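Read through the structure below, which is laid out as structure tokens, and then see the notes.
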Amino acid sequence: MPPEPPTSFLLPPETDGPAVAPLLGEYLDVHAGRPATFDRTALDTADRRLARAGLALDGRHRSGRWELTLHHPEGGIDECSVPAPADRLPADALPDGPVRACLAPVIAMRALLPLAHLRSRLLPLYVLDGEAKTVVRLVAEHPLLVRRGEPARPLRARLRVDAVRGYDGAYARVCRRLAGDAGLEPAGQSLLDEAVVAAGGKPGGLSGKLDVALDPRWRADRATAVLLRRLWTQVDEQLPGTLADLDTEFLHDLRVAVRRSRSLLKELRSALPAQCRSHWAVELKWVQEVTGPTRDVDVTLLEWDDLRASVAPALATGLEPVHRLLAGRRDDDRKAMVRHLRSARFKKLAAAWPAYLDELAASRVPGDEAPGPDAGRPIVDAAAARISTVYGSIKRRGRAVTDASPAEDLHDLRKRGKELRYLLEHFGGLYPAEVVRPMVSALKGLQNVLGCFQDRQVQGEYFHALATDLAGDKDSTATLLAMGALVERLFEQQAEARADFARRFASFTAPAVRSGVASAFGAGAG
Amino acid sequence: MKVVATYSIKGGVGKTSAAVNLGALAARNGVRTLLWDLDPQGAASYLFRVKPRVKGGGEALVTGRTDVLDRVKGTDVEGLDLLPADFSYRNLDLVLHDAKRPVRRLRPVLRPLVGEFDLVIVDCAPSISLVSEGVFEAADALLVPLIPSTLSLRTLAQLRDFLAGSDGHRPRVAPFFSMVDARKKLHRSVIEEAEAGVLTATIPAATEVELMGVRRSPVVVSAPRSRAALAYEALWDEAARVLALPGGG
């Protein structure tokens with residue numbers, strides 16, 4: 001089958017509104033409709049969940065409210081309105097109805113953010129058949145990016161082709177003619193992406209993916225520095241949303257980038273100058289520590305509905321004071337975190353660390369430091385050695401776990417699992433996918449169980465400590481009863497996770513995985 | 001999905017005009033609307049410039065041999081699609097006659113449209129037949145245009161009697177006065193003495209409505225500020241409210 005023709009095109013830069021119909025008229029029998037001007041704000045989550053789901057959301061100010069229009073992939077729309085201003089819209093700020101029903105599962109804990117304000121001049125055009133019936137609709141759009149305090153900036157004019165039901169043949173013909181005879185350039189990038197880039201943002205939204213193509217022959221210190229530099233860029237990208245508290249995931253993603261950086265510094269320490277461990281690792285650990293308390297409360301609040309549902313309905317209302325307490329605690333923790341992230345220490349780190357990494361990535365050891373002993377080793381060998389060692393370590397430690405083992409043994413195992421996961425995420429592309437993929441899959445299964453085990457324990461202890469704080473309050477009986485039930489349920493879930501450990505561990509150390517690891521990463525893993 | 005039929009035993013009373021204009025108004029209100037031109041004359045299809053042809057004809061539709069969604073055509077009114085007429089619909093009675101449970105054969109035709117459309121408007125041919133009975137079985141409501149005359153009221157009474165005697169599904173009947181000439185005393189007096197249950201919105205006998213055949217477009221699109229267009233808007237508002245149609249207040 002021939003490839004599908006494109007359905008959205010860029011118009012030549014010099015084509016202003018009135019020139020569109022004559023331009024297309026050379027190739028199609030088009031009739032122009034009435035032009036209109038259309039203002040809207042494009043909304044999406046920071047990581048562009050709507051775009052990935054094929055959805056688009058526009059907001060328009062009207063009478064002190066925001067009128068939202070949700071465009072579905074198949075062409076339908078749903079509408080709702082929310083009070084203005086709306087600089088961030090979590091799902092629960094949307095009114096009940098089809099817009100919320102569609103968006104809530106897509107955006108989950110993320111907030112919808114205004115990404116770009118656009119003013120477009122739209123010219124509808126119609127392709128008619130012999131009966132003067134519209135068989136294809138076209139819309140020529142001349143968009144402007146509108147930013148407060150700046151002159152409006154023109155974006156590339158576009159032509160969208162919309163099918164009319166039952167006239168598929170005409171639609172395909174028009175698309176082919178526009179791409180072929182008219183020679184229009186297909187619009188590879190969406191208008192929103194173009195607007196976001198023009199506004200200084202990132203196309204496709206923020207992402208935790210590293211997107212770094214490593215050359216297996218690169219020196220280990222250079223490859224590691226390139227990865228660390230990219231991770232710090234992610235920290236940088238997530239920082240404004242974290243400070244503004246746009247949603248919980250900015251902080252989460254910031255912390256993941258820091259954690260991955262620390263893991264790299266640890267695992268590839270022999271390839272890096274000593275200062276990486278003695279200074280930078282300490283600074284990154286500090287970032288992780290000062291952001292931890294806020295994230296801990298976030299996790300509990302994000303899981304709140306599930307936690308509440310896990311106790312008997314008669315007791316659940318007793319948890320409300322706990323929720324209030326946690327919300328208040330989050331405010332305090334966040335204020336402290338923001339102070340740290342705006343401190344001179346953080347600013348110094350944010351300026352000096354990427355500069356240090358840039359030097360290292362350029363194969364220059366900053367200052368007069370000595371390179372690490374494995375600095376010159378090809379990264380493909382250095383990383384394989386680490387993956388092999390960590391896999392072997394997990395295998396040994398896991399085998400030693402029995403029903404009588406203390407919880408700490410499982411926590412340590414989880415930490416090692418995370419190290420391995422990050423190694424595979426950072427360097428997996430250097431090795432055969434048929435080895436890496438099953439290894440990652442088995443590791444995920446194991447980590448889920450270990451994660452559940454540890455999270456439930458931490459939460460159980462957290463609520464236990466809260467209960468101690470609340471015990472002195474008057475009228476706390478119902479709350480303490482509810483918390484008792486909740487802690488009991490959390491420990492039950494922890495026990496269930498532990499019971500699943502042996503099965504998951506067996507998959508992770510299955511002969512097929514072991515032999516794959518041994519062949520790809522070295523004999524020590526087998 | 002709601003199903004409403006514009007129906008009358010009599011011809012030339014404004015069924016098609018009502019169907020196309022209400023369809024266009026529903027679509028303008030964001031209601032995903034399908035108009036089924038079930039009249040073999042194909043007037044609604046003609047107005048929307050769509051060829052009055054359905055592959056396989058009416059028989060393929062009622063026997064389920066064709067996917068109804070594949071036969072739907074978009075109109076020039078965004079949000080309003082059309083299931084065109086086909087000349088073979090004139091034989092639909094015979095097809096139904098040979099089928100088991102003939103009056104229940106039209107409802108399944110509409111089933112695949114659930115989820116795609118919020119409202120289906122069926123523009124019926126003027127008759128009382130097996131096809132009409134199939135429409136009564138499938139429809140939530142019948143919009144019945146009445147020219148303000150004694151004979152029209154008599155056909156309304158006949159319809160009510162028929163439905164009352166039927167042991168099948170009974171759609172709600174919503175009559176309205178159509179082609180009203182306010183200069184005629186008879187029209188005025190018939191409207192004044194109308195039974196309860198007749199919608200209060202009335203459609204005037206207007207040149208703009210007649211010109212639809214020339215302009216090949218609903219009057220609410222081609223002459224949206226005309227008296228006739230405003231009358232159809234009032235009819236849509238009232239019918240949507242009274243019949244609890246999607247998009248109604």
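In the structure tokens, chains take the letters A, B, ... in the order shown, each chain's residues start at 1, and ligands count up from 1 in the order shown.
Omitting stretch 164-169 of chain A and its sequence neighbours fewer than 4 positions away, and counting only C-alpha atoms, the residues within 6 Å are A:Val135, A:Val136, B:Val72, B:Lys73, B:Gly74.
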Resulting file, chosen residues, all heavy atoms, as a PDB file, in the first residue's frame:
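The result, stored in again_38.pdb:
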ATOM      1  N   VAL A 135     -16.879  18.503  -0.897  1.00  0.00           N
ATOM      2  CA  VAL A 135     -16.408  17.132  -0.694  1.00  0.00           C
ATOM      3  C   VAL A 135     -15.121  17.098   0.136  1.00  0.00           C
ATOM      4  O   VAL A 135     -14.759  16.051   0.676  1.00  0.00           O
ATOM      5  CB  VAL A 135     -16.222  16.393  -2.035  1.00  0.00           C
ATOM      6  CG1 VAL A 135     -17.571  16.110  -2.680  1.00  0.00           C
ATOM      7  CG2 VAL A 135     -15.337  17.171  -2.993  1.00  0.00           C
ATOM      8  N   VAL A 136     -14.430  18.220   0.231  1.00  0.00           N
ATOM      9  CA  VAL A 136     -13.244  18.326   1.094  1.00  0.00           C
ATOM     10  C   VAL A 136     -13.230  19.747   1.654  1.00  0.00           C
ATOM     11  O   VAL A 136     -13.532  20.699   0.935  1.00  0.00           O
ATOM     12  CB  VAL A 136     -11.930  18.086   0.308  1.00  0.00           C
ATOM     13  CG1 VAL A 136     -10.720  18.217   1.230  1.00  0.00           C
ATOM     14  CG2 VAL A 136     -11.922  16.709  -0.348  1.00  0.00           C
TER      15      VAL A 136
ATOM     16  N   VAL B  72     -23.049   6.668   5.002  1.00  0.00           N
ATOM     17  CA  VAL B  72     -23.354   8.023   5.476  1.00  0.00           C
ATOM     18  C   VAL B  72     -22.469   9.039   4.742  1.00  0.00           C
ATOM     19  O   VAL B  72     -21.289   8.788   4.505  1.00  0.00           O
ATOM     20  CB  VAL B  72     -23.122   8.109   7.003  1.00  0.00           C
ATOM     21  CG1 VAL B  72     -23.232   9.549   7.497  1.00  0.00           C
ATOM     22  CG2 VAL B  72     -24.134   7.231   7.736  1.00  0.00           C
ATOM     23  N   LYS B  73     -23.049  10.185   4.388  1.00  0.00           N
ATOM     24  CA  LYS B  73     -22.308  11.242   3.700  1.00  0.00           C
ATOM     25  C   LYS B  73     -22.331  12.519   4.536  1.00  0.00           C
ATOM     26  O   LYS B  73     -23.378  12.874   5.091  1.00  0.00           O
ATOM     27  CB  LYS B  73     -22.976  11.559   2.352  1.00  0.00           C
ATOM     28  CG  LYS B  73     -23.062  10.378   1.407  1.00  0.00           C
ATOM     29  CD  LYS B  73     -21.725  10.177   0.727  1.00  0.00           C
ATOM     30  CE  LYS B  73     -21.795   9.075  -0.325  1.00  0.00           C
ATOM     31  NZ  LYS B  73     -20.476   8.811  -0.906  1.00  0.00           N
ATOM     32  N   GLY B  74     -21.219  13.210   4.587  1.00  0.00           N
ATOM     33  CA  GLY B  74     -21.197  14.508   5.261  1.00  0.00           C
ATOM     34  C   GLY B  74     -21.919  15.544   4.412  1.00  0.00           C
ATOM     35  O   GLY B  74     -21.828  15.504   3.187  1.00  0.00           O
TER      36      GLY B  74
END
For a quick test of understanding: name the residues of chain B lying within 9 Å of chain A when counting only C-alpha atoms, and present them as a PyMOL selection string. chain B and resi 30+32+48-51+69-76+78-79+81
Nearby residues (only C-alpha atoms) at most 9 Å from B:Leu153, same-chain spacing under 5 positions excluded, as a PyMOL selection string: chain B and resi 146-148+158+190+194
Selected residues, all heavy atoms, written as a PDB file, in the first residue's frame, please.
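Writing the result to selection05.pdb gives the following:
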ATOM      1  N   LEU B 146     -48.442  20.103  10.703  1.00  0.00           N
ATOM      2  CA  LEU B 146     -49.878  20.208  10.410  1.00  0.00           C
ATOM      3  C   LEU B 146     -50.128  21.515   9.678  1.00  0.00           C
ATOM      4  O   LEU B 146     -49.779  22.585  10.194  1.00  0.00           O
ATOM      5  CB  LEU B 146     -50.698  20.257  11.707  1.00  0.00           C
ATOM      6  CG  LEU B 146     -50.588  19.108  12.695  1.00  0.00           C
ATOM      7  CD1 LEU B 146     -51.329  19.498  13.979  1.00  0.00           C
ATOM      8  CD2 LEU B 146     -51.186  17.855  12.100  1.00  0.00           C
ATOM      9  N   ILE B 147     -50.704  21.441   8.491  1.00  0.00           N
ATOM     10  CA  ILE B 147     -51.215  22.678   7.897  1.00  0.00           C
ATOM     11  C   ILE B 147     -52.490  23.002   8.681  1.00  0.00           C
ATOM     12  O   ILE B 147     -53.287  22.095   8.954  1.00  0.00           O
ATOM     13  CB  ILE B 147     -51.503  22.469   6.401  1.00  0.00           C
ATOM     14  CG1 ILE B 147     -50.177  22.204   5.673  1.00  0.00           C
ATOM     15  CG2 ILE B 147     -52.207  23.683   5.806  1.00  0.00           C
ATOM     16  CD1 ILE B 147     -50.321  21.902   4.210  1.00  0.00           C
ATOM     17  N   PRO B 148     -52.678  24.241   9.108  1.00  0.00           N
ATOM     18  CA  PRO B 148     -53.841  24.530   9.962  1.00  0.00           C
ATOM     19  C   PRO B 148     -55.154  24.371   9.187  1.00  0.00           C
ATOM     20  O   PRO B 148     -55.721  25.336   8.670  1.00  0.00           O
ATOM     21  CB  PRO B 148     -53.627  25.982  10.400  1.00  0.00           C
ATOM     22  CG  PRO B 148     -52.245  26.323  10.010  1.00  0.00           C
ATOM     23  CD  PRO B 148     -51.859  25.434   8.893  1.00  0.00           C
ATOM     24  N   GLN B 158     -56.151  10.431  13.216  1.00  0.00           N
ATOM     25  CA  GLN B 158     -55.970   9.063  12.693  1.00  0.00           C
ATOM     26  C   GLN B 158     -54.658   8.464  13.203  1.00  0.00           C
ATOM     27  O   GLN B 158     -54.605   7.296  13.589  1.00  0.00           O
ATOM     28  CB  GLN B 158     -55.958   9.086  11.157  1.00  0.00           C
ATOM     29  CG  GLN B 158     -57.326   9.277  10.544  1.00  0.00           C
ATOM     30  CD  GLN B 158     -57.220   9.442   9.021  1.00  0.00           C
ATOM     31  OE1 GLN B 158     -56.247   9.981   8.504  1.00  0.00           O
ATOM     32  NE2 GLN B 158     -58.263   8.990   8.320  1.00  0.00           N
ATOM     33  N   VAL B 190     -57.899  27.799  13.526  1.00  0.00           N
ATOM     34  CA  VAL B 190     -57.483  26.414  13.834  1.00  0.00           C
ATOM     35  C   VAL B 190     -56.366  26.438  14.877  1.00  0.00           C
ATOM     36  O   VAL B 190     -56.346  25.637  15.823  1.00  0.00           O
ATOM     37  CB  VAL B 190     -57.024  25.679  12.548  1.00  0.00           C
ATOM     38  CG1 VAL B 190     -56.343  24.356  12.893  1.00  0.00           C
ATOM     39  CG2 VAL B 190     -58.209  25.429  11.635  1.00  0.00           C
ATOM     40  N   ALA B 194     -56.378  24.913  18.810  1.00  0.00           N
ATOM     41  CA  ALA B 194     -55.605  23.665  18.771  1.00  0.00           C
ATOM     42  C   ALA B 194     -55.621  22.956  20.114  1.00  0.00           C
ATOM     43  O   ALA B 194     -55.667  23.588  21.168  1.00  0.00           O
ATOM     44  CB  ALA B 194     -54.167  23.980  18.377  1.00  0.00           C
TER      45      ALA B 194
END
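Picture a line from atom CA of B:Phe136 to atom CA of B:Ala229; it runs 27.9 Å.
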Write out as a PyMOL selection string each polymer residue whose atoms come within 10 Å of stretch 478-491 of chain A, counting only C-alpha atoms; drop sequence neighbours fewer than 3 positions from it. chain A and resi 307-322+452-453+455-464+466-468+470-471+475+494-497
Selection export as a short mmCIF file (atom, residue, chain, number, x, y, z; two decimals), in the first residue's frame, atoms kept: N, CA, C and O atoms:
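Result file follows (out00.cif):
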data_model
loop_
_atom_site.label_atom_id
_atom_site.label_comp_id
_atom_site.auth_asym_id
_atom_site.auth_seq_id
_atom_site.Cartn_x
_atom_site.Cartn_y
_atom_site.Cartn_z
N LEU A 307 -5.52 5.00 49.63
CA LEU A 307 -5.28 4.71 51.05
C LEU A 307 -6.59 4.78 51.82
O LEU A 307 -6.90 3.91 52.65
N ARG A 308 -7.35 5.82 51.53
CA ARG A 308 -8.63 6.02 52.22
C ARG A 308 -9.57 4.86 51.93
O ARG A 308 -10.29 4.38 52.81
N ALA A 309 -9.55 4.40 50.67
CA ALA A 309 -10.44 3.32 50.29
C ALA A 309 -10.02 1.98 50.90
O ALA A 309 -10.80 1.03 50.91
N SER A 310 -8.78 1.92 51.41
CA SER A 310 -8.32 0.64 51.93
C SER A 310 -8.79 0.38 53.36
O SER A 310 -8.58 -0.69 53.89
N VAL A 311 -9.40 1.39 53.99
CA VAL A 311 -9.96 1.15 55.33
C VAL A 311 -11.49 1.14 55.24
O VAL A 311 -12.07 1.64 54.27
N ALA A 312 -12.11 0.56 56.23
CA ALA A 312 -13.58 0.44 56.22
C ALA A 312 -14.22 1.83 56.12
O ALA A 312 -13.72 2.79 56.73
N PRO A 313 -15.31 1.95 55.32
CA PRO A 313 -15.94 3.27 55.14
C PRO A 313 -16.29 3.95 56.47
O PRO A 313 -16.17 5.17 56.58
N ALA A 314 -16.66 3.16 57.45
CA ALA A 314 -17.04 3.77 58.73
C ALA A 314 -15.86 4.45 59.40
O ALA A 314 -16.03 5.40 60.17
N LEU A 315 -14.66 3.97 59.09
CA LEU A 315 -13.47 4.55 59.72
C LEU A 315 -12.85 5.67 58.87
O LEU A 315 -12.11 6.51 59.38
N ALA A 316 -13.17 5.63 57.55
CA ALA A 316 -12.45 6.50 56.61
C ALA A 316 -12.58 7.98 56.96
O ALA A 316 -11.61 8.74 56.79
N THR A 317 -13.75 8.39 57.47
CA THR A 317 -13.91 9.81 57.77
C THR A 317 -12.95 10.26 58.87
O THR A 317 -12.58 11.43 58.94
N GLY A 318 -12.52 9.31 59.67
CA GLY A 318 -11.56 9.64 60.73
C GLY A 318 -10.21 10.05 60.18
O GLY A 318 -9.38 10.59 60.92
N LEU A 319 -9.98 9.79 58.89
CA LEU A 319 -8.68 10.14 58.30
C LEU A 319 -8.60 11.59 57.85
O LEU A 319 -7.52 12.07 57.48
N GLU A 320 -9.74 12.28 57.83
CA GLU A 320 -9.74 13.66 57.31
C GLU A 320 -8.73 14.57 58.03
O GLU A 320 -8.02 15.35 57.38
N PRO A 321 -8.67 14.52 59.37
CA PRO A 321 -7.66 15.37 60.04
C PRO A 321 -6.24 15.06 59.58
O PRO A 321 -5.39 15.94 59.53
N VAL A 322 -6.00 13.78 59.22
CA VAL A 322 -4.66 13.40 58.76
C VAL A 322 -4.37 14.08 57.43
O VAL A 322 -3.27 14.59 57.19
N CYS A 452 6.99 -1.98 46.28
CA CYS A 452 5.76 -2.06 47.08
C CYS A 452 6.10 -2.41 48.53
O CYS A 452 5.57 -1.81 49.47
N PHE A 453 7.03 -3.36 48.68
CA PHE A 453 7.42 -3.79 50.03
C PHE A 453 7.97 -2.60 50.83
O PHE A 453 7.55 -2.33 51.95
N ASP A 455 7.81 0.75 50.07
CA ASP A 455 6.89 1.90 50.17
C ASP A 455 5.87 1.68 51.28
O ASP A 455 5.54 2.60 52.03
N ARG A 456 5.35 0.45 51.33
CA ARG A 456 4.33 0.17 52.36
C ARG A 456 4.93 0.28 53.76
O ARG A 456 4.29 0.75 54.69
N GLN A 457 6.17 -0.19 53.88
CA GLN A 457 6.81 -0.09 55.19
C GLN A 457 7.02 1.38 55.58
O GLN A 457 6.71 1.80 56.70
N VAL A 458 7.55 2.15 54.60
CA VAL A 458 7.83 3.56 54.89
C VAL A 458 6.53 4.28 55.24
O VAL A 458 6.46 5.05 56.20
N GLN A 459 5.47 4.00 54.46
CA GLN A 459 4.20 4.66 54.75
C GLN A 459 3.63 4.22 56.09
O GLN A 459 3.11 5.03 56.85
N GLY A 460 3.75 2.93 56.37
CA GLY A 460 3.25 2.43 57.66
C GLY A 460 3.95 3.14 58.81
O GLY A 460 3.31 3.60 59.76
N GLU A 461 5.28 3.27 58.68
CA GLU A 461 6.03 3.93 59.74
C GLU A 461 5.70 5.42 59.80
O GLU A 461 5.62 6.02 60.87
N TYR A 462 5.47 6.00 58.61
CA TYR A 462 5.13 7.42 58.52
C TYR A 462 3.82 7.70 59.26
O TYR A 462 3.72 8.62 60.09
N PHE A 463 2.82 6.88 58.98
CA PHE A 463 1.53 7.07 59.65
C PHE A 463 1.62 6.75 61.13
O PHE A 463 0.94 7.35 61.96
N HIS A 464 2.47 5.80 61.44
CA HIS A 464 2.66 5.46 62.85
C HIS A 464 3.20 6.68 63.60
O HIS A 464 2.74 7.04 64.69
N LEU A 466 2.93 9.81 62.63
CA LEU A 466 1.88 10.84 62.65
C LEU A 466 0.90 10.58 63.79
O LEU A 466 0.46 11.50 64.48
N ALA A 467 0.57 9.30 63.95
CA ALA A 467 -0.38 8.93 65.01
C ALA A 467 0.18 9.34 66.37
O ALA A 467 -0.55 9.82 67.24
N THR A 468 1.47 9.19 66.52
CA THR A 468 2.10 9.59 67.78
C THR A 468 1.93 11.10 67.99
O THR A 468 1.62 11.56 69.07
N LEU A 470 -0.42 12.93 66.77
CA LEU A 470 -1.84 13.28 66.96
C LEU A 470 -2.40 12.79 68.29
O LEU A 470 -3.47 13.22 68.73
N ALA A 471 -1.68 11.85 68.92
CA ALA A 471 -2.24 11.16 70.07
C ALA A 471 -2.63 12.11 71.20
O ALA A 471 -3.57 11.86 71.94
N ASP A 475 -10.27 14.67 70.93
CA ASP A 475 -11.14 14.15 69.86
C ASP A 475 -10.35 13.42 68.78
O ASP A 475 -10.70 13.46 67.60
N GLN A 494 2.37 -5.05 52.51
CA GLN A 494 3.81 -5.29 52.52
C GLN A 494 4.09 -6.79 52.57
O GLN A 494 4.95 -7.31 51.86
N ALA A 495 3.30 -7.49 53.38
CA ALA A 495 3.48 -8.94 53.50
C ALA A 495 3.14 -9.63 52.18
O ALA A 495 3.82 -10.59 51.77
N GLU A 496 2.11 -9.12 51.50
CA GLU A 496 1.74 -9.71 50.20
C GLU A 496 2.88 -9.53 49.20
O GLU A 496 3.20 -10.43 48.42
N ALA A 497 3.50 -8.35 49.23
CA ALA A 497 4.61 -8.08 48.32
C ALA A 497 5.76 -9.04 48.61
O ALA A 497 6.39 -9.59 47.71
#
Give me the residues near B:Thr33 as a ChimeraX atom specification, where near means some atom within 9 Å (using only C-alpha atoms) and where sequence neighbours in that chain fewer than 6 positions away do not count. /B:23-24,26-27,79-82,116-121
Could you turn the residues from that selection into a file that holds N, CA, C and O atoms, as a PDB file, in the first residue's frame?
ATOM      1  N   GLY B  23     -32.248  19.597  11.569  1.00  0.00           N
ATOM      2  CA  GLY B  23     -30.947  18.911  11.536  1.00  0.00           C
ATOM      3  C   GLY B  23     -29.810  19.920  11.556  1.00  0.00           C
ATOM      4  O   GLY B  23     -28.846  19.771  12.310  1.00  0.00           O
ATOM      5  N   ALA B  24     -29.933  20.966  10.731  1.00  0.00           N
ATOM      6  CA  ALA B  24     -28.878  21.988  10.676  1.00  0.00           C
ATOM      7  C   ALA B  24     -28.775  22.726  12.008  1.00  0.00           C
ATOM      8  O   ALA B  24     -27.667  23.030  12.475  1.00  0.00           O
ATOM      9  N   ALA B  26     -29.649  21.554  14.999  1.00  0.00           N
ATOM     10  CA  ALA B  26     -29.082  20.649  16.001  1.00  0.00           C
ATOM     11  C   ALA B  26     -27.561  20.629  15.864  1.00  0.00           C
ATOM     12  O   ALA B  26     -26.833  20.751  16.855  1.00  0.00           O
ATOM     13  N   ALA B  27     -27.085  20.510  14.621  1.00  0.00           N
ATOM     14  CA  ALA B  27     -25.636  20.468  14.387  1.00  0.00           C
ATOM     15  C   ALA B  27     -24.990  21.775  14.841  1.00  0.00           C
ATOM     16  O   ALA B  27     -23.914  21.762  15.451  1.00  0.00           O
ATOM     17  N   GLY B  79     -21.200  18.963  11.143  1.00  0.00           N
ATOM     18  CA  GLY B  79     -21.877  18.297  12.258  1.00  0.00           C
ATOM     19  C   GLY B  79     -23.172  17.620  11.850  1.00  0.00           C
ATOM     20  O   GLY B  79     -23.787  16.933  12.657  1.00  0.00           O
ATOM     21  N   LEU B  80     -23.576  17.809  10.605  1.00  0.00           N
ATOM     22  CA  LEU B  80     -24.802  17.161  10.112  1.00  0.00           C
ATOM     23  C   LEU B  80     -24.426  16.225   8.967  1.00  0.00           C
ATOM     24  O   LEU B  80     -23.887  16.664   7.953  1.00  0.00           O
ATOM     25  N   ASP B  81     -24.697  14.940   9.166  1.00  0.00           N
ATOM     26  CA  ASP B  81     -24.445  13.948   8.124  1.00  0.00           C
ATOM     27  C   ASP B  81     -25.777  13.436   7.594  1.00  0.00           C
ATOM     28  O   ASP B  81     -26.825  13.612   8.225  1.00  0.00           O
ATOM     29  N   LEU B  82     -25.693  12.775   6.448  1.00  0.00           N
ATOM     30  CA  LEU B  82     -26.922  12.336   5.769  1.00  0.00           C
ATOM     31  C   LEU B  82     -26.794  10.873   5.377  1.00  0.00           C
ATOM     32  O   LEU B  82     -25.766  10.455   4.836  1.00  0.00           O
ATOM     33  N   GLU B 116     -21.754   7.341  17.490  1.00  0.00           N
ATOM     34  CA  GLU B 116     -21.313   8.239  16.412  1.00  0.00           C
ATOM     35  C   GLU B 116     -22.171   9.490  16.370  1.00  0.00           C
ATOM     36  O   GLU B 116     -21.709  10.554  15.983  1.00  0.00           O
ATOM     37  N   PHE B 117     -23.444   9.327  16.725  1.00  0.00           N
ATOM     38  CA  PHE B 117     -24.384  10.447  16.627  1.00  0.00           C
ATOM     39  C   PHE B 117     -25.165  10.582  17.933  1.00  0.00           C
ATOM     40  O   PHE B 117     -25.395   9.608  18.642  1.00  0.00           O
ATOM     41  N   ASP B 118     -25.568  11.827  18.199  1.00  0.00           N
ATOM     42  CA  ASP B 118     -26.413  12.080  19.370  1.00  0.00           C
ATOM     43  C   ASP B 118     -27.884  12.082  18.978  1.00  0.00           C
ATOM     44  O   ASP B 118     -28.755  11.833  19.809  1.00  0.00           O
ATOM     45  N   LEU B 119     -28.145  12.404  17.733  1.00  0.00           N
ATOM     46  CA  LEU B 119     -29.527  12.569  17.284  1.00  0.00           C
ATOM     47  C   LEU B 119     -29.659  12.056  15.852  1.00  0.00           C
ATOM     48  O   LEU B 119     -28.809  12.357  15.001  1.00  0.00           O
ATOM     49  N   VAL B 120     -30.706  11.288  15.619  1.00  0.00           N
ATOM     50  CA  VAL B 120     -31.047  10.872  14.251  1.00  0.00           C
ATOM     51  C   VAL B 120     -32.414  11.443  13.929  1.00  0.00           C
ATOM     52  O   VAL B 120     -33.359  11.289  14.712  1.00  0.00           O
ATOM     53  N   ILE B 121     -32.495  12.144  12.808  1.00  0.00           N
ATOM     54  CA  ILE B 121     -33.783  12.645  12.338  1.00  0.00           C
ATOM     55  C   ILE B 121     -34.153  11.846  11.094  1.00  0.00           C
ATOM     56  O   ILE B 121     -33.369  11.782  10.137  1.00  0.00           O
TER      57      ILE B 121
END
Set the distance at 8 Å and use only C-alpha atoms: which residues neighbour stretch 173-180 of chain A once local chain neighbours fewer than 3 positions away are removed? I'd like the list as a PyMOL selection string. chain A and resi 5-7+27-28+136+161+169-170+183-186
Just the selected residues (N, CA and C atoms), exported as a CSV table (one decimal), in the first residue's frame, please.
chain,number,residue,atom,x,y,z
A,5,PRO,N,-1.0,10.0,2.3
A,5,PRO,CA,-0.5,11.3,2.0
A,5,PRO,C,-0.6,12.2,3.3
A,6,PRO,N,0.2,13.3,3.4
A,6,PRO,CA,0.1,14.2,4.6
A,6,PRO,C,-1.2,14.9,4.5
A,7,THR,N,-1.7,15.4,5.6
A,7,THR,CA,-3.0,16.1,5.6
A,7,THR,C,-2.9,17.5,6.2
A,27,TYR,N,-4.4,24.3,-8.8
A,27,TYR,CA,-4.4,22.8,-8.7
A,27,TYR,C,-5.8,22.2,-8.3
A,28,LEU,N,-6.6,23.0,-7.7
A,28,LEU,CA,-7.9,22.5,-7.2
A,28,LEU,C,-9.0,23.5,-7.5
A,136,VAL,N,-14.4,18.2,0.2
A,136,VAL,CA,-13.2,18.3,1.1
A,136,VAL,C,-13.2,19.7,1.7
A,161,VAL,N,-6.2,20.0,5.8
A,161,VAL,CA,-7.2,19.3,5.0
A,161,VAL,C,-8.1,18.5,5.9
A,169,GLY,N,-12.4,9.3,-1.3
A,169,GLY,CA,-11.6,9.4,-2.5
A,169,GLY,C,-11.2,10.8,-2.9
A,170,ALA,N,-12.1,11.7,-2.7
A,170,ALA,CA,-11.8,13.1,-3.0
A,170,ALA,C,-10.7,13.6,-2.0
A,183,GLY,N,3.2,21.0,-4.6
A,183,GLY,CA,4.5,21.0,-4.0
A,183,GLY,C,4.6,21.6,-2.6
A,184,LEU,N,3.5,21.5,-1.9
A,184,LEU,CA,3.4,22.1,-0.5
A,184,LEU,C,4.2,21.2,0.4
A,185,GLU,N,4.9,21.8,1.3
A,185,GLU,CA,5.7,21.1,2.3
A,185,GLU,C,4.8,20.5,3.4
A,186,PRO,N,4.9,19.2,3.7
A,186,PRO,CA,4.1,18.7,4.8
A,186,PRO,C,4.5,19.3,6.1
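Of the residues listed (A:Gly204, A:Gly372, A:Gly451, A:Pro13), A:Gly372 shows the shortest atom-to-atom separation from A:Leu265; distances use only C-alpha atoms.
Between atom CA of A:Arg277 and atom CA of A:Asp374 the interatomic distance comes to 14.7 Å.
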I'd like the contact shell of A:Ser441 - 12 Å cut-off, only C-alpha atoms, skipping same-chain residues fewer than 5 positions apart - returned as a VMD selection string. chain A and resid 421 424 433 to 436 446 to 448 504 to 505 507 to 509 513
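Nearest residue to B:Ala19 among B:Met1, B:Pro102, B:Val109, B:Leu38 is B:Leu38, counting only C-alpha atoms.
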